[in-house]
Amino acid sequence: MFKLNVNGKVHQVDVETDMPLLWVLRDHIGLPGTKYGCGIAVCGACTVHVDGAAVRSCSVPVSAVVGKKVLTIEGLGQGGLHKLQASWIAQQVPQCGYCQSGMLMAAAALLKEKPRPTDADIDQAMTNLCRCGTYARVRAAIHAAADIADTATGVKRSAS
Amino acid sequence: MKISDVSLARREFLKGGALVIGFSLTGLPLALAQATDARTPHTLNLDEVDAFLAVRKDGSVIVYSGKVDLGTGHRIAMRQIVAEELSIDPARIDLIEGDTALTPNQGPTAGSTGVMRGGMQLRQAAATAREALLARAAAHLQTGASELIFSDGYVGTATARVAIAELVGDRAFGVRMNPKAPLKNPAQYSVVGRSLPRPDLPGKFTGRHTYVHDFTLPGMLHGRPLRPPAVAARLLEVDAASIAHLPGVQVVRIKDFLGVVASDEWAAVRAARELKARWSAGSGLIGHDNLALWARRGPFVKDEIVVSKGDTSDLANDPRQFAASYQWPIQSHASLGPSCAVADVRADSAMIWSASQATHRYQPAYAQMLGLPLEKVRLIYLDGSGCYGMNGHDDAAADAALLSKAVGKPVRVQWMRQDELGWDPKGPPQLLALRAALDAQGHIDAWEAEMWVPLATANLEHVPLLAPSDAGIAQPAGQMVGLVTQNADPPYRAARVKVTAHWLEPAPLRPSNIRAPGKVANCFAVEAFIDELAVAAKIDPLEFRRRDLTDPRGIEVLDRCAALIGWKPAEAMRRRTGAMARGRGIAYVHYKHNETYVAMAMDVEVVKKSGEIRVKRVACAHDCGLMINPGAVRNQVEGNILQALSRSLFEETTFDSQRVTSVDWGSYRILRFPEAPELLIDLIQRTGEPPLGAGEAASSPVAAALANAVYDAVGVRLRTAPFSAERVLAALRATA
Ligand code: FES
Ligand code: FES
């Protein structure tokens, strides 16, 4: 039995010690926004935050996040929309969208570190894969979001 | 954003995808409950307006679309089309897609036909409905139909009006499709042509949109198929004891089909990994290194002349002759999320939730596989990870259905990464040999193209699926490859032309249609060869194309593309000295010779030491006729460019005598974030023209524009894709 803090709520889960966080989130906590893509930390579809840092939940066993704060795409906006989500809507970023929760979580971690990232910062931080070819739009949406002022609760207005 | 745009986005956002996936109290999926509350029974007859449209009592409209949104924006475009003809707010439209029990069979969502064919059927249904409503309103209001105006759900005059809902709400139209029902004058469009936001996007940014991967049913189990270690290997023995330590896992074996089922997904993943089984060797594959040899040697089914104009028989002995061969590898759809489906198979019926681009086409396949009558098998489309042709979704659905039938519970199957790259049906290999002669002024006098391609089986109902073939269940035999011969003749004036297909059968790995089937390789060959001819004729490549193009729309995209990138005669761009060479290339396609026009130019750098190509800027002018939603078209064009760059630069399915060996993102490399170039896109809106499709065309000229730019930079012709750094380096060394 593990006690996990996910999106500010404590969950008790009865799972195997080595179960990757990804499956715990999807199947045991009911948060399917985080996606499986490769299972070996390459594609980034499963990106979540653990204590504020972007990690690939397919490759983190549940036991490693006990006592830490996990944030998933469902909790990113804290009830509203994170400014990245607003920017993603304004830019109509995705095609299929399967990679996008991972993209957003990676971008959110980047903005925390670097509120005004350069193209080089983005290239370095965004190691997520997208098969549909949304990289150019993701880049534009990150820049657009960086131009929006932060508020305590997350931006609820559209970026357009 | 206008108010209606925002409200549409918000409505969908609040619903969070519940429209399609929620369950009503009666246990019927909500979509069905909503459909039946409008009117029962619901016809699927394509000749009836009722197959496509229903008006509820509250004035909202249901659109039934056999074509589905594959991440392409159909979900908003289809609403816009109907909203425009009926003069209603698109936010008042609910859309049901790809449900074999509810939507008419409009054919697969493939070949860029979604809007071009499917959308136009919907438009005609709406126009027919409008015609019928006019007549009914005229009778109701006792006035002439010509006086009446449609506005916001009402029909009437300045003084009297009646709600559409009152005329037909919750009742069937009972009207046959009228192919001649008058369409709204495009000059009056207010909804079509606007980049309304896609309603499903907010849910995709908050984790609340239900992909098929996220769909669950009460009591649902998780399954995984175990594909053999070699293609066509037989299953000799299964050691169920090898997973005895994993509680609650069931092993399912049907002849050579092997799968595991567990209540927990991680347990299923582990079981599939740890279950020990003994397999025979495979049937023996030719290996990717031998593809060109295989293509040249056969066995052949037949030769076919697919284009013939004038007599080219003396070309082979023409001293003016130029010749070159081009090769395209086998490629995977490589969906980012491995394929997934959920099946609930009962004794007398089955429901399958699938991201298939062709739910209607595969309904008979599952009926046959499960031994059920066709009408007892229902498929419902849910979003998947982008598929770009037939990827593994239909196979995953077959896996889920077989497993569900075996264990008597609903089963969800998601493939693992290696399943997707290893076993999705692949884009077939292509080999082309081109020959041409120019006249004294450098115009094309004679052109011959020969192609070596796998033959599509005539009238094949669907691509044979893995699960029934492993389980020894009969299914139609053969292969599908898409229309692979198009665009192998030049779009420019040419006195004499012959295109011959040498049909091979079967493909080395199970094929299916992949984005812009055949056209990516054909256009690569044609437009790279055109570049060779232009250089030989000492004519600027843009001018060489332009002067022998007669179609004004083709000329316009070329001109616009040249303006976008700032085209100068190619010589000016060359930087052949130094460690980093720069170049610029251009290519053009008139897709299938009768659809979308695309011109593309790009700037590249080539790192001479490593052979690495860096694409800096891509300019694209694009004319797909009427754009219903230009924003969605732009997304498709961007996606085509980046994905085709990925295919041209990196992608090749490798395989040895037994199995596919490119089964992860290391061995099947795709474009990464920093490699995406700057995109300059010019979309031409042609309101008075029919829509032509945007899902594929812009993929076609990418490889040629790229290869031509590399030639411009370093003077080396790339004729085999992908243009990996090793290959470029080898070519550089060979010419040094
Ligand atoms: S699924 Fe975790 S990185 Fe790909
Ligand atoms: S939007 Fe489809 S994989 Fe990124």
# chains A, B, ... in the order shown; residues from 1 in each chain; ligands from 1
>>> residues_near_ligand(ligand="ligand 1", cutoff="12 Å", atoms="only C-alpha atoms and all ligand atoms", output="ChimeraX atom specification")
/A:20-23,34-48,54-61,98-99,101-103,106,127-130 /B:336-338,416-417,664-665
>>> write_last_selection(atoms="N, CA and C atoms", output="CSV table (one decimal), in the first residue's frame")
chain,number,residue,atom,x,y,z
A,20,PRO,N,5.3,1.0,-12.7
A,20,PRO,CA,5.7,2.3,-13.0
A,20,PRO,C,4.5,3.3,-12.7
A,21,LEU,N,4.9,4.5,-12.3
A,21,LEU,CA,4.0,5.5,-12.0
A,21,LEU,C,2.9,5.7,-13.1
A,22,LEU,N,3.3,5.6,-14.3
A,22,LEU,CA,2.4,5.7,-15.4
A,22,LEU,C,1.1,4.9,-15.3
A,23,TRP,N,1.3,3.6,-15.0
A,23,TRP,CA,0.1,2.7,-14.9
A,23,TRP,C,-0.6,3.0,-13.6
A,34,THR,N,-2.2,11.1,-18.8
A,34,THR,CA,-0.8,10.8,-19.1
A,34,THR,C,-0.8,9.5,-19.9
A,35,LYS,N,0.0,9.6,-21.0
A,35,LYS,CA,-0.1,8.5,-22.0
A,35,LYS,C,1.1,7.6,-22.1
A,36,TYR,N,0.9,6.4,-22.5
A,36,TYR,CA,2.0,5.5,-22.8
A,36,TYR,C,2.4,5.6,-24.3
A,37,GLY,N,3.7,5.7,-24.5
A,37,GLY,CA,4.2,5.8,-25.9
A,37,GLY,C,5.3,4.8,-26.2
A,38,CYS,N,6.2,4.6,-25.2
A,38,CYS,CA,7.4,3.8,-25.5
A,38,CYS,C,7.7,2.9,-24.3
A,39,GLY,N,7.5,3.4,-23.1
A,39,GLY,CA,7.8,2.7,-21.9
A,39,GLY,C,9.2,2.7,-21.5
A,40,ILE,N,10.1,3.4,-22.3
A,40,ILE,CA,11.5,3.4,-21.9
A,40,ILE,C,12.1,4.8,-21.9
A,41,ALA,N,11.3,5.8,-21.5
A,41,ALA,CA,11.8,7.1,-21.3
A,41,ALA,C,12.3,7.8,-22.5
A,42,VAL,N,11.8,7.4,-23.7
A,42,VAL,CA,12.3,8.1,-24.9
A,42,VAL,C,11.4,9.1,-25.5
A,43,CYS,N,10.1,8.9,-25.5
A,43,CYS,CA,9.2,9.7,-26.3
A,43,CYS,C,8.6,10.9,-25.5
A,44,GLY,N,8.5,10.7,-24.2
A,44,GLY,CA,7.9,11.9,-23.4
A,44,GLY,C,6.4,11.9,-23.3
A,45,ALA,N,5.7,11.0,-23.9
A,45,ALA,CA,4.2,11.0,-23.8
A,45,ALA,C,3.7,10.9,-22.4
A,46,CYS,N,4.5,10.3,-21.5
A,46,CYS,CA,4.1,10.1,-20.2
A,46,CYS,C,4.6,11.1,-19.1
A,47,THR,N,5.1,12.2,-19.6
A,47,THR,CA,5.7,13.2,-18.8
A,47,THR,C,4.8,13.7,-17.7
A,48,VAL,N,5.2,13.7,-16.4
A,48,VAL,CA,4.5,14.4,-15.3
A,48,VAL,C,5.6,15.1,-14.5
A,54,ALA,N,10.2,17.7,-14.5
A,54,ALA,CA,9.6,16.9,-15.5
A,54,ALA,C,10.3,15.5,-15.4
A,55,VAL,N,9.4,14.4,-15.2
A,55,VAL,CA,10.0,13.1,-15.3
A,55,VAL,C,9.1,12.2,-16.2
A,56,ARG,N,9.7,11.1,-16.6
A,56,ARG,CA,8.9,10.2,-17.5
A,56,ARG,C,8.3,9.1,-16.7
A,57,SER,N,7.0,9.2,-16.5
A,57,SER,CA,6.4,8.3,-15.5
A,57,SER,C,6.4,6.8,-15.9
A,58,CYS,N,6.7,6.5,-17.1
A,58,CYS,CA,6.8,5.1,-17.5
A,58,CYS,C,8.0,4.4,-16.9
A,59,SER,N,9.0,5.3,-16.5
A,59,SER,CA,10.2,4.7,-16.1
A,59,SER,C,10.6,5.0,-14.6
A,60,VAL,N,9.5,5.4,-13.9
A,60,VAL,CA,9.7,5.7,-12.4
A,60,VAL,C,8.8,4.7,-11.6
A,61,PRO,N,9.4,3.9,-10.8
A,61,PRO,CA,8.5,3.0,-10.1
A,61,PRO,C,7.7,3.7,-9.0
A,98,TYR,N,-2.1,13.2,-29.1
A,98,TYR,CA,-1.7,12.1,-28.2
A,98,TYR,C,-0.4,12.5,-27.4
A,99,CYS,N,0.5,13.2,-28.0
A,99,CYS,CA,1.7,13.6,-27.4
A,99,CYS,C,1.6,14.8,-26.5
A,101,SER,N,-0.1,16.0,-23.9
A,101,SER,CA,-0.1,16.2,-22.4
A,101,SER,C,1.4,16.2,-22.0
A,102,GLY,N,2.1,15.3,-22.6
A,102,GLY,CA,3.6,15.2,-22.3
A,102,GLY,C,4.3,16.5,-22.7
A,103,MET,N,4.0,17.0,-23.9
A,103,MET,CA,4.6,18.3,-24.3
A,103,MET,C,4.3,19.4,-23.4
A,106,ALA,N,6.2,19.0,-20.1
A,106,ALA,CA,7.6,19.4,-20.3
A,106,ALA,C,7.8,20.9,-20.4
A,127,THR,N,12.5,17.4,-25.4
A,127,THR,CA,13.0,16.1,-26.0
A,127,THR,C,11.8,15.2,-26.3
A,128,ASN,N,10.6,15.7,-26.2
A,128,ASN,CA,9.4,14.8,-26.5
A,128,ASN,C,9.3,14.6,-28.0
A,129,LEU,N,8.8,13.5,-28.4
A,129,LEU,CA,8.5,13.2,-29.8
A,129,LEU,C,7.1,13.5,-30.2
A,130,CYS,N,6.9,14.0,-31.4
A,130,CYS,CA,5.5,14.1,-31.9
A,130,CYS,C,5.6,13.6,-33.3
B,336,LEU,N,2.6,7.6,-32.5
B,336,LEU,CA,3.3,7.8,-31.2
B,336,LEU,C,2.7,7.0,-30.1
B,337,GLY,N,1.4,6.8,-30.1
B,337,GLY,CA,0.8,6.0,-29.1
B,337,GLY,C,0.5,4.6,-29.8
B,338,PRO,N,1.0,3.5,-29.3
B,338,PRO,CA,0.8,2.3,-29.9
B,338,PRO,C,-0.8,2.0,-30.0
B,416,MET,N,2.4,-2.7,-27.5
B,416,MET,CA,3.6,-2.1,-26.9
B,416,MET,C,4.3,-1.4,-28.1
B,417,ARG,N,5.3,-0.6,-27.8
B,417,ARG,CA,6.0,0.1,-28.8
B,417,ARG,C,6.6,-0.8,-29.9
B,664,ASP,N,12.1,0.3,-32.1
B,664,ASP,CA,12.0,1.3,-31.1
B,664,ASP,C,12.5,2.7,-31.7
B,665,TRP,N,12.4,3.7,-30.9
B,665,TRP,CA,12.6,5.1,-31.5
B,665,TRP,C,14.1,5.3,-31.7
>>> residues_around(residues="Arg545 in chain B", least_positions_apart="3", cutoff="9 Å", atoms="only C-alpha atoms", output="PyMOL selection string")
chain B and resi 491-492+530+534+540-542+548-549+555+558+587-588
>>> select_by_dssp(residues="range 447-566 of chain B", states="strand (DSSP E)", output="count of residues only")
19
>>> residues_around(residues="Leu226 in chain B", least_positions_apart="5", cutoff="7 Å", atoms="only C-alpha atoms", output="PyMOL selection string")
chain B and resi 258-259+272
>>> residues_around(residues="range 68-84 of chain A", least_positions_apart="4", cutoff="8 Å", atoms="only C-alpha atoms", output="count of residues only")
35
>>> closest_atom_pairs(of="chain B", to="chain A", cutoff="7 Å", atoms="only C-alpha atoms", output="JSON lines")
{"residue": "B:Leu70", "atom": "CA", "partner": "A:Cys96", "partner_atom": "CA", "distance": 6.4}
{"residue": "B:Gly71", "atom": "CA", "partner": "A:Cys96", "partner_atom": "CA", "distance": 3.8}
{"residue": "B:Thr72", "atom": "CA", "partner": "A:Gln95", "partner_atom": "CA", "distance": 6.1}
{"residue": "B:Pro197", "atom": "CA", "partner": "A:Gln92", "partner_atom": "CA", "distance": 6.9}
{"residue": "B:Leu201", "atom": "CA", "partner": "A:Ile89", "partner_atom": "CA", "distance": 6.9}
{"residue": "B:Pro202", "atom": "CA", "partner": "A:Ile89", "partner_atom": "CA", "distance": 6.4}
{"residue": "B:Lys204", "atom": "CA", "partner": "A:Gly97", "partner_atom": "CA", "distance": 6.1}
{"residue": "B:Phe205", "atom": "CA", "partner": "A:Ser101", "partner_atom": "CA", "distance": 6.0}
{"residue": "B:Thr206", "atom": "CA", "partner": "A:Glu74", "partner_atom": "CA", "distance": 5.3}
{"residue": "B:Gly207", "atom": "CA", "partner": "A:Gly33", "partner_atom": "CA", "distance": 3.7}
{"residue": "B:Arg208", "atom": "CA", "partner": "A:Gly33", "partner_atom": "CA", "distance": 6.4}
{"residue": "B:Asp214", "atom": "CA", "partner": "A:Pro32", "partner_atom": "CA", "distance": 5.8}
{"residue": "B:Trp266", "atom": "CA", "partner": "A:Trp23", "partner_atom": "CA", "distance": 6.4}
{"residue": "B:Ser335", "atom": "CA", "partner": "A:Arg131", "partner_atom": "CA", "distance": 6.4}
{"residue": "B:Leu336", "atom": "CA", "partner": "A:Arg131", "partner_atom": "CA", "distance": 5.7}
{"residue": "B:Gly337", "atom": "CA", "partner": "A:Gly37", "partner_atom": "CA", "distance": 4.7}
{"residue": "B:Pro338", "atom": "CA", "partner": "A:Gly37", "partner_atom": "CA", "distance": 6.4}
{"residue": "B:Ser385", "atom": "CA", "partner": "A:Tyr98", "partner_atom": "CA", "distance": 5.3}
{"residue": "B:Gly386", "atom": "CA", "partner": "A:Cys96", "partner_atom": "CA", "distance": 5.0}
{"residue": "B:Arg417", "atom": "CA", "partner": "A:Cys38", "partner_atom": "CA", "distance": 5.1}
{"residue": "B:Asn635", "atom": "CA", "partner": "A:Gln95", "partner_atom": "CA", "distance": 6.9}
{"residue": "B:Glu638", "atom": "CA", "partner": "A:Gly133", "partner_atom": "CA", "distance": 6.8}
{"residue": "B:Gly639", "atom": "CA", "partner": "A:Gly133", "partner_atom": "CA", "distance": 4.5}
{"residue": "B:Leu642", "atom": "CA", "partner": "A:Gly133", "partner_atom": "CA", "distance": 5.0}
{"residue": "B:Gln643", "atom": "CA", "partner": "A:Gly133", "partner_atom": "CA", "distance": 5.7}
{"residue": "B:Arg672", "atom": "CA", "partner": "A:Leu129", "partner_atom": "CA", "distance": 6.1}
{"residue": "B:Phe673", "atom": "CA", "partner": "A:Tyr135", "partner_atom": "CA", "distance": 5.6}
{"residue": "B:Pro674", "atom": "CA", "partner": "A:Asp123", "partner_atom": "CA", "distance": 5.0}
{"residue": "B:Ala676", "atom": "CA", "partner": "A:Tyr135", "partner_atom": "CA", "distance": 6.4}
>>> write_last_selection(atoms="N, CA, C and O atoms", output="compact mmCIF listing (two decimals), in the first residue's frame")
# COMPACT_ATOMS: atom_id res chain seq x y z
N LEU B 70 -9.35 12.35 -37.65
CA LEU B 70 -8.11 11.65 -37.29
C LEU B 70 -7.07 12.66 -36.78
O LEU B 70 -5.89 12.55 -37.09
N GLY B 71 -7.54 13.64 -36.06
CA GLY B 71 -6.63 14.72 -35.65
C GLY B 71 -6.50 15.76 -36.74
O GLY B 71 -5.56 16.55 -36.77
N THR B 72 -7.48 15.74 -37.66
CA THR B 72 -7.41 16.54 -38.87
C THR B 72 -8.30 17.77 -38.84
O THR B 72 -8.24 18.58 -39.75
N PRO B 197 -12.16 27.36 -33.90
CA PRO B 197 -11.32 26.44 -33.11
C PRO B 197 -11.91 25.04 -33.10
O PRO B 197 -13.13 24.86 -33.13
N LEU B 201 -10.15 20.19 -28.79
CA LEU B 201 -8.79 20.47 -28.32
C LEU B 201 -8.66 20.78 -26.83
O LEU B 201 -7.74 20.25 -26.19
N PRO B 202 -9.53 21.60 -26.26
CA PRO B 202 -9.32 21.88 -24.84
C PRO B 202 -9.21 20.60 -24.00
O PRO B 202 -8.34 20.49 -23.13
N LYS B 204 -8.07 17.85 -24.92
CA LYS B 204 -6.81 17.18 -25.19
C LYS B 204 -5.65 17.87 -24.48
O LYS B 204 -4.55 17.33 -24.42
N PHE B 205 -5.88 19.07 -23.96
CA PHE B 205 -4.83 19.80 -23.23
C PHE B 205 -4.98 19.68 -21.73
O PHE B 205 -4.16 20.18 -20.98
N THR B 206 -6.08 19.08 -21.30
CA THR B 206 -6.32 19.00 -19.87
C THR B 206 -6.39 17.54 -19.41
O THR B 206 -6.66 17.28 -18.25
N GLY B 207 -6.16 16.63 -20.34
CA GLY B 207 -6.19 15.22 -19.99
C GLY B 207 -7.60 14.67 -19.89
O GLY B 207 -7.81 13.58 -19.38
N ARG B 208 -8.58 15.44 -20.36
CA ARG B 208 -9.98 15.00 -20.17
C ARG B 208 -10.62 14.45 -21.43
O ARG B 208 -11.76 13.98 -21.39
N ASP B 214 -8.11 5.48 -23.45
CA ASP B 214 -8.56 5.85 -22.10
C ASP B 214 -9.96 5.32 -21.80
O ASP B 214 -10.49 5.51 -20.71
N TRP B 266 -0.59 -3.29 -15.88
CA TRP B 266 0.82 -3.59 -15.64
C TRP B 266 1.05 -5.10 -15.55
O TRP B 266 2.05 -5.62 -16.04
N SER B 335 2.89 5.38 -35.28
CA SER B 335 2.05 6.20 -34.41
C SER B 335 2.71 6.36 -33.05
O SER B 335 3.32 5.42 -32.53
N LEU B 336 2.57 7.56 -32.49
CA LEU B 336 3.26 7.82 -31.23
C LEU B 336 2.68 7.00 -30.08
O LEU B 336 3.40 6.54 -29.20
N GLY B 337 1.38 6.83 -30.09
CA GLY B 337 0.75 5.95 -29.12
C GLY B 337 0.49 4.63 -29.79
O GLY B 337 -0.21 4.58 -30.81
N PRO B 338 1.02 3.54 -29.28
CA PRO B 338 0.75 2.25 -29.90
C PRO B 338 -0.76 1.98 -29.97
O PRO B 338 -1.52 2.43 -29.13
N SER B 385 -4.14 7.64 -31.46
CA SER B 385 -2.94 8.37 -31.80
C SER B 385 -2.91 8.45 -33.32
O SER B 385 -3.33 7.51 -33.99
N GLY B 386 -2.43 9.55 -33.88
CA GLY B 386 -2.49 9.77 -35.33
C GLY B 386 -2.04 8.55 -36.11
O GLY B 386 -1.11 7.86 -35.72
N ARG B 417 5.29 -0.63 -27.76
CA ARG B 417 6.04 0.09 -28.79
C ARG B 417 6.58 -0.85 -29.87
O ARG B 417 6.47 -0.60 -31.07
N ASN B 635 -2.71 23.32 -40.22
CA ASN B 635 -2.18 22.26 -39.36
C ASN B 635 -1.79 21.03 -40.18
O ASN B 635 -0.75 20.41 -39.96
N GLU B 638 1.39 21.75 -42.24
CA GLU B 638 2.57 21.69 -41.38
C GLU B 638 2.92 20.25 -41.04
O GLU B 638 4.08 19.83 -41.10
N GLY B 639 1.88 19.48 -40.70
CA GLY B 639 2.11 18.09 -40.34
C GLY B 639 2.67 17.29 -41.50
O GLY B 639 3.60 16.49 -41.34
N LEU B 642 6.46 18.30 -41.92
CA LEU B 642 7.39 17.78 -40.91
C LEU B 642 7.46 16.25 -40.97
O LEU B 642 8.53 15.66 -40.85
N GLN B 643 6.32 15.62 -41.18
CA GLN B 643 6.35 14.16 -41.22
C GLN B 643 7.08 13.65 -42.47
O GLN B 643 7.83 12.68 -42.40
N ARG B 672 13.07 15.00 -34.67
CA ARG B 672 13.01 15.50 -33.29
C ARG B 672 12.82 17.01 -33.27
O ARG B 672 13.03 17.67 -34.28
N PHE B 673 12.50 17.48 -32.10
CA PHE B 673 12.13 18.89 -31.94
C PHE B 673 13.11 19.87 -32.59
O PHE B 673 12.71 20.71 -33.40
N PRO B 674 14.41 19.80 -32.27
CA PRO B 674 15.33 20.82 -32.81
C PRO B 674 15.50 20.72 -34.32
O PRO B 674 16.04 21.65 -34.92
N ALA B 676 13.09 20.56 -36.50
CA ALA B 676 11.95 21.13 -37.23
C ALA B 676 12.34 22.51 -37.76
O ALA B 676 12.73 23.38 -37.00
>>> atom_distance(atom1="CA of Arg346 in chain B", atom2="CA of Tyr211 in chain B")
23.4 Å
>>> closest_atom_pairs(of="range 582-701 of chain B", to="range 721-732 of chain B", cutoff="8 Å", atoms="only C-alpha atoms", output="CSV")
residue,atom,partner,partner_atom,distance
B:Lys608,CA,B:Leu729,CA,7.3
B:Lys609,CA,B:Leu729,CA,7.4
B:Ser610,CA,B:Leu729,CA,6.2
B:Gly611,CA,B:Leu729,CA,4.3
B:Glu612,CA,B:Ala725,CA,4.5
B:Ile613,CA,B:Ala725,CA,6.9
B:Arg647,CA,B:Pro722,CA,6.7
B:Ser648,CA,B:Pro722,CA,4.8
B:Leu649,CA,B:Phe723,CA,4.7
B:Phe650,CA,B:Pro722,CA,5.2
B:Glu651,CA,B:Pro722,CA,5.9
B:Glu652,CA,B:Pro722,CA,6.7
>>> write_last_selection(atoms="N, CA and C atoms", output="PDB file, in the first residue's frame")
ATOM      1  N   LYS B 608      29.485  18.941 -44.124  1.00  0.00           N
ATOM      2  CA  LYS B 608      30.239  18.082 -45.043  1.00  0.00           C
ATOM      3  C   LYS B 608      30.983  16.960 -44.324  1.00  0.00           C
ATOM      4  N   LYS B 609      31.417  17.255 -43.112  1.00  0.00           N
ATOM      5  CA  LYS B 609      32.204  16.243 -42.400  1.00  0.00           C
ATOM      6  C   LYS B 609      31.359  15.035 -41.998  1.00  0.00           C
ATOM      7  N   SER B 610      30.109  15.306 -41.633  1.00  0.00           N
ATOM      8  CA  SER B 610      29.273  14.214 -41.114  1.00  0.00           C
ATOM      9  C   SER B 610      28.215  13.737 -42.107  1.00  0.00           C
ATOM     10  N   GLY B 611      27.922  14.551 -43.087  1.00  0.00           N
ATOM     11  CA  GLY B 611      26.833  14.211 -44.000  1.00  0.00           C
ATOM     12  C   GLY B 611      25.463  14.603 -43.475  1.00  0.00           C
ATOM     13  N   GLU B 612      25.437  15.238 -42.342  1.00  0.00           N
ATOM     14  CA  GLU B 612      24.154  15.611 -41.743  1.00  0.00           C
ATOM     15  C   GLU B 612      23.494  16.737 -42.537  1.00  0.00           C
ATOM     16  N   ILE B 613      22.182  16.562 -42.768  1.00  0.00           N
ATOM     17  CA  ILE B 613      21.404  17.603 -43.452  1.00  0.00           C
ATOM     18  C   ILE B 613      20.627  18.384 -42.400  1.00  0.00           C
ATOM     19  N   ARG B 647      10.263  11.262 -42.818  1.00  0.00           N
ATOM     20  CA  ARG B 647      10.335  10.070 -43.675  1.00  0.00           C
ATOM     21  C   ARG B 647      11.512  10.170 -44.641  1.00  0.00           C
ATOM     22  N   SER B 648      11.776  11.365 -45.150  1.00  0.00           N
ATOM     23  CA  SER B 648      12.841  11.520 -46.139  1.00  0.00           C
ATOM     24  C   SER B 648      14.225  11.449 -45.508  1.00  0.00           C
ATOM     25  N   LEU B 649      14.336  11.959 -44.305  1.00  0.00           N
ATOM     26  CA  LEU B 649      15.658  12.056 -43.684  1.00  0.00           C
ATOM     27  C   LEU B 649      16.066  10.790 -42.938  1.00  0.00           C
ATOM     28  N   PHE B 650      15.107  10.162 -42.286  1.00  0.00           N
ATOM     29  CA  PHE B 650      15.494   9.155 -41.292  1.00  0.00           C
ATOM     30  C   PHE B 650      14.852   7.782 -41.441  1.00  0.00           C
ATOM     31  N   GLU B 651      13.632   7.711 -41.976  1.00  0.00           N
ATOM     32  CA  GLU B 651      12.827   6.525 -41.679  1.00  0.00           C
ATOM     33  C   GLU B 651      13.015   5.372 -42.651  1.00  0.00           C
ATOM     34  N   GLU B 652      13.319   4.233 -42.088  1.00  0.00           N
ATOM     35  CA  GLU B 652      13.400   3.003 -42.862  1.00  0.00           C
ATOM     36  C   GLU B 652      13.121   1.828 -41.940  1.00  0.00           C
TER      37      GLU B 652
END
>>> residues_around(residues="Arg253 in chain B", least_positions_apart="4", cutoff="10 Å", atoms="only C-alpha atoms", output="list in words")
Pro225, Leu226, Leu235, Val238, Phe257, Leu258, Gly259, Val260, Leu402, Leu403, Ala406, Asp470 and Ala471 of chain B
>>> write_last_selection(atoms="C-alpha atoms", output="PDB file, in the first residue's frame")
ATOM      1  CA  PRO B 225      -1.039 -10.172 -27.712  1.00  0.00           C
ATOM      2  CA  LEU B 226       2.309 -11.949 -27.909  1.00  0.00           C
ATOM      3  CA  LEU B 235       3.577 -21.536 -31.945  1.00  0.00           C
ATOM      4  CA  VAL B 238       3.478 -22.367 -24.192  1.00  0.00           C
ATOM      5  CA  PHE B 257      -2.462 -16.698 -31.620  1.00  0.00           C
ATOM      6  CA  LEU B 258      -1.166 -16.113 -28.126  1.00  0.00           C
ATOM      7  CA  GLY B 259      -2.287 -13.490 -25.654  1.00  0.00           C
ATOM      8  CA  VAL B 260      -2.549 -12.714 -21.978  1.00  0.00           C
ATOM      9  CA  LEU B 402     -10.481 -12.503 -29.847  1.00  0.00           C
ATOM     10  CA  LEU B 403      -9.337 -12.105 -26.267  1.00  0.00           C
ATOM     11  CA  ALA B 406     -12.059 -16.135 -25.097  1.00  0.00           C
ATOM     12  CA  ASP B 470      -2.615 -16.397 -36.344  1.00  0.00           C
ATOM     13  CA  ALA B 471      -5.744 -18.053 -34.986  1.00  0.00           C
TER      14      ALA B 471
END
>>> select_by_dssp(residues="chain A", states="alpha helix (DSSP H)", output="MDAnalysis selection string")
chainID A and resid 21:23 83:91 100:113 119:125 135:146
>>> atom_distance(atom1="CA of Ser283 in chain B", atom2="CA of Ala232 in chain B")
5.6 Å
>>> atom_distance(atom1="CA of Glu147 in chain B", atom2="CA of Val63 in chain B")
27.6 Å
>>> closest_residue(among="B:Leu504, B:Ala334, B:Val162, B:Ala619", to="ligand 2", atoms="only C-alpha atoms and all ligand atoms")
B:Ala334
